[in-house]
Amino acid sequence: MKLSHRLEQINQMVTDQYDHIWDCCCDHGFLGAALLQRGAADKVHFVDVVPSLTEVLEVQLARFLPDFLKGYDWQVHCMDVSTLRLPESSGRQLIIIAGVGGDLTLEMVQAITRTHPDRELEFMLCPVRQHYLLRQGLIELEYGLLDESLVRENRRFYEIIHVSSDSDCVISPIGDRMWDLSRDLDREYLSRTIAHYERMGRNAGQEAEQILAHYRKLQVSAEKL
Ligand SMILES: C[S@@+](CC[C@H](N)C(=O)[O-])C[C@H]1O[C@@H](n2cnc3c(N)ncnc32)[C@H](O)[C@@H]1O
């Protein structure tokens, strides 16, 4: 099974060993299967809200995985990610949410955070659009950055944001260490993002203007390179 460029980048950013990894909004389950296959966690959970998807995934995992996955544990859950309850005192856990909008991703992170007020929580997030909104929400929830990167797939850009409640590293609302403005990829993403907020500013006004100011500052620094 070959992962897409975006999923492979997420896979590579999982560098530590976990007791549980949650592949939320898993759909086909490719990412979770890759993590399971390389033993990134003692147990990999596949979570999706659509029963027809989880039923097929369960059958496929049972049929194709056992030969090379002896000793690894996995489970498929048909549920809304927002209702997730992590097992008590089960060691280090990573919750991955990829492939849904930034607004929905944030709602899921907010719900899981509310349900686990006293737990250390770690998320790997890769939303489709609304990166700024998600980052603002993570800052309000007082998460700290562990790592971040930028990836392009099928002409669309994605930010991958790895955060923890245990990190003191401030999250930037527009991203920080993911940018390498000597690369064409990053410059294109920056100018596309600025064009997007310029369009929004014409219709939605002041908030878009404030966001735009952040990205324009970054553009000024890019021009000095
Ligand atoms: C485009 S797929 C993403 C697949 C994979 N994670 C990726 O990044 O390529 C989005 C999946 O999110 C699932 N989904 C949407 N809302 C959900 C929710 N509230 N709880 C669980 N799964 C959800 C959908 O059923 C769908 O399978």
# chains A, B, ... in the order shown; residues from 1 in each chain; ligands from 1
$ residues_around --residues "region 180-192 of chain A" --least-positions-apart "3" --cutoff "12 Å" --atoms "only C-alpha atoms" --output "PyMOL selection string"
chain A and resi 129+148-153+155-159+174-177+195-199+212+214-225
$ write_last_selection --atoms "C-alpha atoms" --output "PDB file, in the first residue's frame"
ATOM      1  CA  ARG A 129      -8.266  24.752   4.547  1.00  0.00           C
ATOM      2  CA  GLU A 148       4.837  21.690  11.791  1.00  0.00           C
ATOM      3  CA  SER A 149       5.321  21.341   8.067  1.00  0.00           C
ATOM      4  CA  LEU A 150       3.868  22.360   4.742  1.00  0.00           C
ATOM      5  CA  VAL A 151       2.990  19.946   1.971  1.00  0.00           C
ATOM      6  CA  ARG A 152       1.372  20.214  -1.462  1.00  0.00           C
ATOM      7  CA  GLU A 153      -0.768  17.505  -2.944  1.00  0.00           C
ATOM      8  CA  ARG A 155      -2.320  21.474  -6.335  1.00  0.00           C
ATOM      9  CA  ARG A 156      -3.652  22.049  -2.804  1.00  0.00           C
ATOM     10  CA  PHE A 157      -1.506  23.080   0.166  1.00  0.00           C
ATOM     11  CA  TYR A 158      -1.776  21.480   3.588  1.00  0.00           C
ATOM     12  CA  GLU A 159      -0.240  22.441   6.914  1.00  0.00           C
ATOM     13  CA  ILE A 174       0.361  31.787  10.465  1.00  0.00           C
ATOM     14  CA  GLY A 175       2.991  29.140  11.093  1.00  0.00           C
ATOM     15  CA  ASP A 176       6.620  29.642  11.925  1.00  0.00           C
ATOM     16  CA  ARG A 177       9.196  26.915  11.474  1.00  0.00           C
ATOM     17  CA  ALA A 195      -4.762  36.538  -2.458  1.00  0.00           C
ATOM     18  CA  HIS A 196      -7.390  34.506  -0.577  1.00  0.00           C
ATOM     19  CA  TYR A 197      -7.555  36.955   2.336  1.00  0.00           C
ATOM     20  CA  GLU A 198      -7.549  39.947  -0.022  1.00  0.00           C
ATOM     21  CA  ARG A 199     -10.681  38.509  -1.661  1.00  0.00           C
ATOM     22  CA  LEU A 212      -3.782  39.631   6.032  1.00  0.00           C
ATOM     23  CA  HIS A 214       0.253  38.843   9.520  1.00  0.00           C
ATOM     24  CA  TYR A 215       0.842  37.219   6.127  1.00  0.00           C
ATOM     25  CA  ARG A 216       1.991  40.484   4.528  1.00  0.00           C
ATOM     26  CA  LYS A 217       4.644  40.868   7.212  1.00  0.00           C
ATOM     27  CA  LEU A 218       5.933  37.423   6.255  1.00  0.00           C
ATOM     28  CA  GLN A 219       5.914  38.439   2.590  1.00  0.00           C
ATOM     29  CA  VAL A 220       8.071  41.459   3.371  1.00  0.00           C
ATOM     30  CA  SER A 221      10.639  39.185   5.008  1.00  0.00           C
ATOM     31  CA  ALA A 222      10.489  36.867   1.968  1.00  0.00           C
ATOM     32  CA  GLU A 223      11.240  39.791  -0.344  1.00  0.00           C
ATOM     33  CA  LYS A 224      14.434  40.505   1.597  1.00  0.00           C
ATOM     34  CA  LEU A 225      15.784  37.010   0.890  1.00  0.00           C
TER      35      LEU A 225
END
$ closest_atom_pairs --of "chain A" --to "ligand 1" --cutoff "10 Å" --atoms "only C-alpha atoms and all ligand atoms" --output "Markdown table"
| residue | atom | partner | partner_atom_place_in_ligand_line | distance |
| --- | --- | --- | --- | --- |
| A:Leu3 | CA | ligand 1 | 9 (O) | 9.3 |
| A:Ser4 | CA | ligand 1 | 9 (O) | 8.2 |
| A:Arg6 | CA | ligand 1 | 8 (O) | 7.9 |
| A:Leu7 | CA | ligand 1 | 8 (O) | 6.6 |
| A:Ile10 | CA | ligand 1 | 8 (O) | 9.3 |
| A:Asp23 | CA | ligand 1 | 6 (N) | 7.1 |
| A:Cys24 | CA | ligand 1 | 21 (C) | 6.3 |
| A:Cys25 | CA | ligand 1 | 12 (O) | 3.7 |
| A:Cys26 | CA | ligand 1 | 6 (N) | 4.3 |
| A:Asp27 | CA | ligand 1 | 27 (O) | 3.6 |
| A:His28 | CA | ligand 1 | 4 (C) | 6.6 |
| A:Gly29 | CA | ligand 1 | 5 (C) | 7.0 |
| A:Phe30 | CA | ligand 1 | 5 (C) | 7.6 |
| A:Leu31 | CA | ligand 1 | 5 (C) | 7.2 |
| A:Gly32 | CA | ligand 1 | 6 (N) | 8.9 |
| A:Phe46 | CA | ligand 1 | 21 (C) | 9.6 |
| A:Val47 | CA | ligand 1 | 21 (C) | 6.0 |
| A:Asp48 | CA | ligand 1 | 22 (N) | 3.7 |
| A:Val49 | CA | ligand 1 | 21 (C) | 4.0 |
| A:Val50 | CA | ligand 1 | 25 (O) | 4.9 |
| A:Pro51 | CA | ligand 1 | 25 (O) | 8.6 |
| A:Ser52 | CA | ligand 1 | 25 (O) | 9.3 |
| A:Leu53 | CA | ligand 1 | 27 (O) | 7.0 |
| A:Thr54 | CA | ligand 1 | 27 (O) | 8.8 |
| A:His77 | CA | ligand 1 | 21 (C) | 9.1 |
| A:Cys78 | CA | ligand 1 | 21 (C) | 7.5 |
| A:Met79 | CA | ligand 1 | 21 (C) | 5.8 |
| A:Asp80 | CA | ligand 1 | 20 (N) | 3.5 |
| A:Val81 | CA | ligand 1 | 20 (N) | 4.0 |
| A:Ser82 | CA | ligand 1 | 19 (N) | 6.1 |
| A:Thr83 | CA | ligand 1 | 20 (N) | 8.3 |
| A:Leu84 | CA | ligand 1 | 20 (N) | 9.0 |
| A:Ile96 | CA | ligand 1 | 6 (N) | 8.2 |
| A:Ile97 | CA | ligand 1 | 6 (N) | 6.5 |
| A:Ala98 | CA | ligand 1 | 8 (O) | 4.1 |
| A:Gly99 | CA | ligand 1 | 8 (O) | 3.5 |
| A:Val100 | CA | ligand 1 | 10 (C) | 5.3 |
| A:Gly101 | CA | ligand 1 | 10 (C) | 8.9 |
| A:Leu104 | CA | ligand 1 | 16 (N) | 7.5 |
| A:Thr105 | CA | ligand 1 | 19 (N) | 8.7 |
| A:Glu107 | CA | ligand 1 | 19 (N) | 9.0 |
| A:Met108 | CA | ligand 1 | 19 (N) | 7.3 |
| A:Leu125 | CA | ligand 1 | 8 (O) | 9.5 |
| A:Cys126 | CA | ligand 1 | 8 (O) | 7.2 |
| A:Pro127 | CA | ligand 1 | 8 (O) | 8.0 |
| A:Val128 | CA | ligand 1 | 8 (O) | 8.6 |
$ write_last_selection --atoms "N, CA and C atoms" --output "compact mmCIF listing (two decimals), in the first residue's frame"
# COMPACT_ATOMS: atom_id res chain seq x y z
N LEU A 3 1.28 5.23 0.37
CA LEU A 3 0.58 6.39 0.91
C LEU A 3 0.71 7.57 -0.05
N SER A 4 -0.30 8.43 -0.03
CA SER A 4 -0.20 9.68 -0.79
C SER A 4 0.92 10.52 -0.17
N ARG A 6 0.88 13.49 1.05
CA ARG A 6 0.45 14.16 2.30
C ARG A 6 0.43 13.16 3.47
N LEU A 7 -0.17 11.99 3.25
CA LEU A 7 -0.23 11.01 4.34
C LEU A 7 1.16 10.51 4.70
N ILE A 10 2.74 12.99 7.01
CA ILE A 10 2.20 12.83 8.38
C ILE A 10 2.87 11.62 9.04
N ASP A 23 -6.20 7.12 14.59
CA ASP A 23 -6.32 7.66 13.23
C ASP A 23 -7.77 8.08 13.05
N CYS A 24 -8.04 9.36 13.38
CA CYS A 24 -9.42 9.85 13.37
C CYS A 24 -9.81 10.31 11.98
N CYS A 25 -11.09 10.15 11.64
CA CYS A 25 -11.59 10.45 10.28
C CYS A 25 -10.79 9.60 9.30
N CYS A 26 -10.65 8.34 9.61
CA CYS A 26 -9.66 7.48 8.93
C CYS A 26 -10.07 7.09 7.51
N ASP A 27 -11.39 7.09 7.21
CA ASP A 27 -11.86 6.72 5.87
C ASP A 27 -11.30 5.34 5.48
N HIS A 28 -10.41 5.28 4.48
CA HIS A 28 -9.81 4.04 3.99
C HIS A 28 -8.83 3.43 5.00
N GLY A 29 -8.38 4.21 5.99
CA GLY A 29 -7.49 3.69 7.02
C GLY A 29 -6.04 3.52 6.59
N PHE A 30 -5.65 4.11 5.45
CA PHE A 30 -4.28 3.89 4.94
C PHE A 30 -3.21 4.37 5.93
N LEU A 31 -3.45 5.55 6.52
CA LEU A 31 -2.44 6.11 7.42
C LEU A 31 -2.28 5.22 8.66
N GLY A 32 -3.40 4.88 9.27
CA GLY A 32 -3.34 4.01 10.46
C GLY A 32 -2.68 2.68 10.15
N PHE A 46 -8.72 2.98 14.60
CA PHE A 46 -9.25 3.59 13.37
C PHE A 46 -10.64 4.12 13.70
N VAL A 47 -10.85 5.43 13.51
CA VAL A 47 -12.13 6.04 13.91
C VAL A 47 -12.77 6.74 12.73
N ASP A 48 -14.01 6.36 12.42
CA ASP A 48 -14.77 7.11 11.40
C ASP A 48 -16.25 7.00 11.76
N VAL A 49 -17.01 8.00 11.31
CA VAL A 49 -18.41 8.08 11.72
C VAL A 49 -19.34 7.35 10.73
N VAL A 50 -18.81 6.93 9.58
CA VAL A 50 -19.67 6.32 8.56
C VAL A 50 -19.59 4.79 8.67
N PRO A 51 -20.72 4.14 9.05
CA PRO A 51 -20.69 2.69 9.29
C PRO A 51 -20.24 1.89 8.07
N SER A 52 -20.67 2.30 6.86
CA SER A 52 -20.30 1.49 5.68
C SER A 52 -18.78 1.49 5.47
N LEU A 53 -18.11 2.60 5.87
CA LEU A 53 -16.65 2.66 5.75
C LEU A 53 -15.97 1.79 6.79
N THR A 54 -16.43 1.90 8.03
CA THR A 54 -15.75 1.16 9.11
C THR A 54 -15.97 -0.35 8.96
N HIS A 77 -13.37 1.81 15.28
CA HIS A 77 -14.48 2.41 16.04
C HIS A 77 -15.37 3.19 15.08
N CYS A 78 -16.66 2.90 15.09
CA CYS A 78 -17.59 3.70 14.31
C CYS A 78 -18.21 4.73 15.25
N MET A 79 -17.71 5.93 15.21
CA MET A 79 -18.19 6.96 16.15
C MET A 79 -17.80 8.35 15.67
N ASP A 80 -18.48 9.34 16.25
CA ASP A 80 -18.11 10.74 16.01
C ASP A 80 -16.84 11.03 16.82
N VAL A 81 -15.82 11.55 16.17
CA VAL A 81 -14.54 11.80 16.86
C VAL A 81 -14.73 12.72 18.08
N SER A 82 -15.70 13.61 18.01
CA SER A 82 -15.92 14.54 19.13
C SER A 82 -16.33 13.82 20.41
N THR A 83 -16.80 12.59 20.30
CA THR A 83 -17.24 11.86 21.50
C THR A 83 -16.14 10.90 22.01
N LEU A 84 -14.95 11.04 21.45
CA LEU A 84 -13.84 10.14 21.82
C LEU A 84 -13.51 10.22 23.32
N ILE A 96 -4.56 11.68 15.75
CA ILE A 96 -4.36 12.26 14.42
C ILE A 96 -5.72 12.58 13.81
N ILE A 97 -5.88 13.82 13.36
CA ILE A 97 -7.11 14.20 12.65
C ILE A 97 -6.68 14.82 11.32
N ALA A 98 -6.95 14.14 10.23
CA ALA A 98 -6.51 14.62 8.92
C ALA A 98 -7.63 14.49 7.91
N GLY A 99 -7.68 15.48 7.01
CA GLY A 99 -8.56 15.34 5.84
C GLY A 99 -9.96 15.89 6.01
N VAL A 100 -10.21 16.64 7.09
CA VAL A 100 -11.50 17.35 7.22
C VAL A 100 -11.20 18.84 7.41
N GLY A 101 -12.23 19.67 7.28
CA GLY A 101 -12.03 21.12 7.36
C GLY A 101 -11.43 21.56 8.68
N LEU A 104 -14.08 21.94 11.47
CA LEU A 104 -14.49 20.67 12.09
C LEU A 104 -13.35 20.10 12.93
N THR A 105 -12.12 20.22 12.43
CA THR A 105 -10.96 19.74 13.19
C THR A 105 -10.92 20.44 14.54
N GLU A 107 -13.41 21.87 16.18
CA GLU A 107 -14.52 21.41 17.04
C GLU A 107 -14.16 20.08 17.71
N MET A 108 -13.50 19.21 16.96
CA MET A 108 -13.12 17.90 17.52
C MET A 108 -12.08 18.08 18.63
N LEU A 125 -2.41 17.33 13.39
CA LEU A 125 -3.58 17.83 12.67
C LEU A 125 -3.21 18.22 11.25
N CYS A 126 -4.05 17.81 10.30
CA CYS A 126 -3.80 18.21 8.91
C CYS A 126 -5.14 18.54 8.27
N PRO A 127 -5.60 19.78 8.49
CA PRO A 127 -6.92 20.13 7.98
C PRO A 127 -6.92 20.47 6.49
N VAL A 128 -8.10 20.41 5.92
CA VAL A 128 -8.30 20.91 4.56
C VAL A 128 -8.78 22.35 4.73
$ select_by_dssp --residues "region 33-207 of chain A" --states "helix (DSSP H, G or I)" --output "number ranges by chain"
A: 33-37, 51-64, 66-68, 81-83, 102-115, 131-140, 184-204, 206-207
$ select_by_dssp --residues "region 13-160 of chain A" --states "strand (DSSP E)" --output "number ranges by chain"
A: 18-24, 41-48, 73-78, 93-101, 122-128, 144-153, 156-160
$ residues_around --residues "Pro173 (chain A)" --least-positions-apart "2" --cutoff "10 Å" --atoms "only C-alpha atoms" --output "JSON, numbers by chain"
{"A": [131, 132, 133, 134, 135, 136, 137, 138, 139, 170, 171, 175, 176, 211, 214, 215]}
$ write_last_selection --atoms "N, CA and C atoms" --output "CSV table (one decimal), in the first residue's frame"
chain,number,residue,atom,x,y,z
A,131,HIS,N,-6.6,26.9,8.0
A,131,HIS,CA,-5.5,26.7,8.9
A,131,HIS,C,-5.4,27.8,10.0
A,132,TYR,N,-5.7,29.0,9.6
A,132,TYR,CA,-5.5,30.2,10.5
A,132,TYR,C,-6.5,30.0,11.7
A,133,LEU,N,-7.8,29.7,11.3
A,133,LEU,CA,-8.8,29.5,12.3
A,133,LEU,C,-8.4,28.4,13.3
A,134,LEU,N,-7.9,27.3,12.8
A,134,LEU,CA,-7.5,26.2,13.6
A,134,LEU,C,-6.4,26.6,14.6
A,135,ARG,N,-5.4,27.3,14.0
A,135,ARG,CA,-4.2,27.7,14.8
A,135,ARG,C,-4.7,28.7,15.9
A,136,GLN,N,-5.6,29.6,15.6
A,136,GLN,CA,-6.1,30.5,16.6
A,136,GLN,C,-6.8,29.7,17.8
A,137,GLY,N,-7.6,28.7,17.4
A,137,GLY,CA,-8.3,27.9,18.4
A,137,GLY,C,-7.3,27.1,19.2
A,138,LEU,N,-6.2,26.6,18.6
A,138,LEU,CA,-5.2,25.9,19.4
A,138,LEU,C,-4.5,26.8,20.4
A,139,ILE,N,-4.3,28.0,20.0
A,139,ILE,CA,-3.6,29.0,20.9
A,139,ILE,C,-4.6,29.3,22.0
A,170,VAL,N,5.3,28.4,21.7
A,170,VAL,CA,4.2,29.1,21.2
A,170,VAL,C,3.8,28.8,19.8
A,171,ILE,N,2.5,28.6,19.5
A,171,ILE,CA,2.0,28.4,18.2
A,171,ILE,C,1.8,29.7,17.5
A,175,GLY,N,1.9,30.1,11.3
A,175,GLY,CA,3.0,29.1,11.1
A,175,GLY,C,4.3,29.8,11.2
A,176,ASP,N,5.3,29.1,11.6
A,176,ASP,CA,6.6,29.6,11.9
A,176,ASP,C,7.7,28.8,11.3
A,211,ILE,N,-5.9,39.4,9.6
A,211,ILE,CA,-5.1,38.1,9.2
A,211,ILE,C,-4.1,38.5,8.1
A,214,HIS,N,-0.7,39.8,9.1
A,214,HIS,CA,0.3,38.8,9.5
A,214,HIS,C,1.0,38.3,8.3
A,215,TYR,N,0.2,37.9,7.3
A,215,TYR,CA,0.8,37.2,6.1
A,215,TYR,C,1.7,38.2,5.3
$ closest_residue --among "A:Ala208, A:Leu36, A:Leu106, A:Leu61" --to "Phe123 (chain A)" --atoms "only C-alpha atoms"
A:Leu106
$ residues_around --residues "Ser165 (chain A)" --least-positions-apart "5" --cutoff "12 Å" --atoms "only C-alpha atoms" --output "PDB file with N, CA and C atoms, in the first residue's frame"
ATOM      1  N   LEU A  94      -1.399   9.483  20.799  1.00  0.00           N
ATOM      2  CA  LEU A  94      -1.379  10.512  19.757  1.00  0.00           C
ATOM      3  C   LEU A  94      -2.700  10.453  19.000  1.00  0.00           C
ATOM      4  N   VAL A 109     -11.068  18.928  18.365  1.00  0.00           N
ATOM      5  CA  VAL A 109     -10.024  19.159  19.376  1.00  0.00           C
ATOM      6  C   VAL A 109     -10.654  19.793  20.629  1.00  0.00           C
ATOM      7  N   THR A 113     -10.664  17.989  24.229  1.00  0.00           N
ATOM      8  CA  THR A 113      -9.994  18.719  25.321  1.00  0.00           C
ATOM      9  C   THR A 113     -10.948  18.891  26.509  1.00  0.00           C
ATOM     10  N   HIS A 116     -11.334  15.717  28.498  1.00  0.00           N
ATOM     11  CA  HIS A 116     -10.136  15.226  29.219  1.00  0.00           C
ATOM     12  C   HIS A 116      -9.401  16.399  29.864  1.00  0.00           C
ATOM     13  N   PRO A 117     -10.035  17.090  30.820  1.00  0.00           N
ATOM     14  CA  PRO A 117      -9.445  18.332  31.345  1.00  0.00           C
ATOM     15  C   PRO A 117      -8.101  18.132  32.043  1.00  0.00           C
ATOM     16  N   ASP A 118      -7.873  16.966  32.607  1.00  0.00           N
ATOM     17  CA  ASP A 118      -6.648  16.784  33.390  1.00  0.00           C
ATOM     18  C   ASP A 118      -5.613  15.906  32.686  1.00  0.00           C
ATOM     19  N   ARG A 119      -5.824  15.631  31.407  1.00  0.00           N
ATOM     20  CA  ARG A 119      -4.907  14.727  30.710  1.00  0.00           C
ATOM     21  C   ARG A 119      -3.965  15.511  29.816  1.00  0.00           C
ATOM     22  N   GLU A 120      -2.745  14.966  29.670  1.00  0.00           N
ATOM     23  CA  GLU A 120      -1.835  15.515  28.668  1.00  0.00           C
ATOM     24  C   GLU A 120      -2.330  15.009  27.306  1.00  0.00           C
ATOM     25  N   LEU A 121      -2.533  15.920  26.365  1.00  0.00           N
ATOM     26  CA  LEU A 121      -3.072  15.515  25.063  1.00  0.00           C
ATOM     27  C   LEU A 121      -2.118  15.927  23.943  1.00  0.00           C
ATOM     28  N   GLU A 122      -2.014  15.071  22.950  1.00  0.00           N
ATOM     29  CA  GLU A 122      -1.110  15.339  21.828  1.00  0.00           C
ATOM     30  C   GLU A 122      -1.870  15.093  20.519  1.00  0.00           C
ATOM     31  N   PHE A 123      -1.851  16.068  19.642  1.00  0.00           N
ATOM     32  CA  PHE A 123      -2.576  15.981  18.372  1.00  0.00           C
ATOM     33  C   PHE A 123      -1.631  16.191  17.184  1.00  0.00           C
ATOM     34  N   LEU A 138      -6.228  26.614  18.632  1.00  0.00           N
ATOM     35  CA  LEU A 138      -5.225  25.856  19.407  1.00  0.00           C
ATOM     36  C   LEU A 138      -4.523  26.777  20.404  1.00  0.00           C
ATOM     37  N   ILE A 139      -4.271  28.017  19.967  1.00  0.00           N
ATOM     38  CA  ILE A 139      -3.634  28.993  20.862  1.00  0.00           C
ATOM     39  C   ILE A 139      -4.563  29.273  22.044  1.00  0.00           C
ATOM     40  N   GLU A 140      -5.868  29.466  21.756  1.00  0.00           N
ATOM     41  CA  GLU A 140      -6.832  29.731  22.842  1.00  0.00           C
ATOM     42  C   GLU A 140      -6.914  28.560  23.818  1.00  0.00           C
ATOM     43  N   LEU A 141      -6.752  27.350  23.283  1.00  0.00           N
ATOM     44  CA  LEU A 141      -6.809  26.162  24.159  1.00  0.00           C
ATOM     45  C   LEU A 141      -5.482  25.928  24.894  1.00  0.00           C
ATOM     46  N   GLU A 142      -4.498  26.794  24.606  1.00  0.00           N
ATOM     47  CA  GLU A 142      -3.179  26.760  25.249  1.00  0.00           C
ATOM     48  C   GLU A 142      -2.357  25.522  24.899  1.00  0.00           C
ATOM     49  N   TYR A 143      -2.521  25.056  23.666  1.00  0.00           N
ATOM     50  CA  TYR A 143      -1.616  24.006  23.201  1.00  0.00           C
ATOM     51  C   TYR A 143      -0.283  24.639  22.809  1.00  0.00           C
ATOM     52  N   GLY A 144       0.771  23.840  22.811  1.00  0.00           N
ATOM     53  CA  GLY A 144       2.089  24.308  22.392  1.00  0.00           C
ATOM     54  C   GLY A 144       2.555  23.483  21.203  1.00  0.00           C
ATOM     55  N   LEU A 145       3.436  24.095  20.411  1.00  0.00           N
ATOM     56  CA  LEU A 145       3.886  23.438  19.182  1.00  0.00           C
ATOM     57  C   LEU A 145       4.950  22.374  19.464  1.00  0.00           C
ATOM     58  N   LEU A 146       4.856  21.253  18.747  1.00  0.00           N
ATOM     59  CA  LEU A 146       5.949  20.270  18.733  1.00  0.00           C
ATOM     60  C   LEU A 146       6.663  20.313  17.383  1.00  0.00           C
ATOM     61  N   VAL A 170       5.337  28.381  21.712  1.00  0.00           N
ATOM     62  CA  VAL A 170       4.173  29.147  21.241  1.00  0.00           C
ATOM     63  C   VAL A 170       3.813  28.784  19.795  1.00  0.00           C
ATOM     64  N   ILE A 171       2.516  28.629  19.549  1.00  0.00           N
ATOM     65  CA  ILE A 171       2.045  28.352  18.180  1.00  0.00           C
ATOM     66  C   ILE A 171       1.823  29.691  17.481  1.00  0.00           C
TER      67      ILE A 171
END
$ atom_distance --atom1 "CA of Glu207 (chain A)" --atom2 "CA of Val163 (chain A)"
25.0 Å
$ closest_residue --among "A:Pro87, A:Ala33, A:His162, A:Met200" --to "Gln60 (chain A)" --atoms "only C-alpha atoms"
A:Ala33
$ atom_distance --atom1 "CA of Ala41 (chain A)" --atom2 "CA of Cys169 (chain A)"
24.9 Å
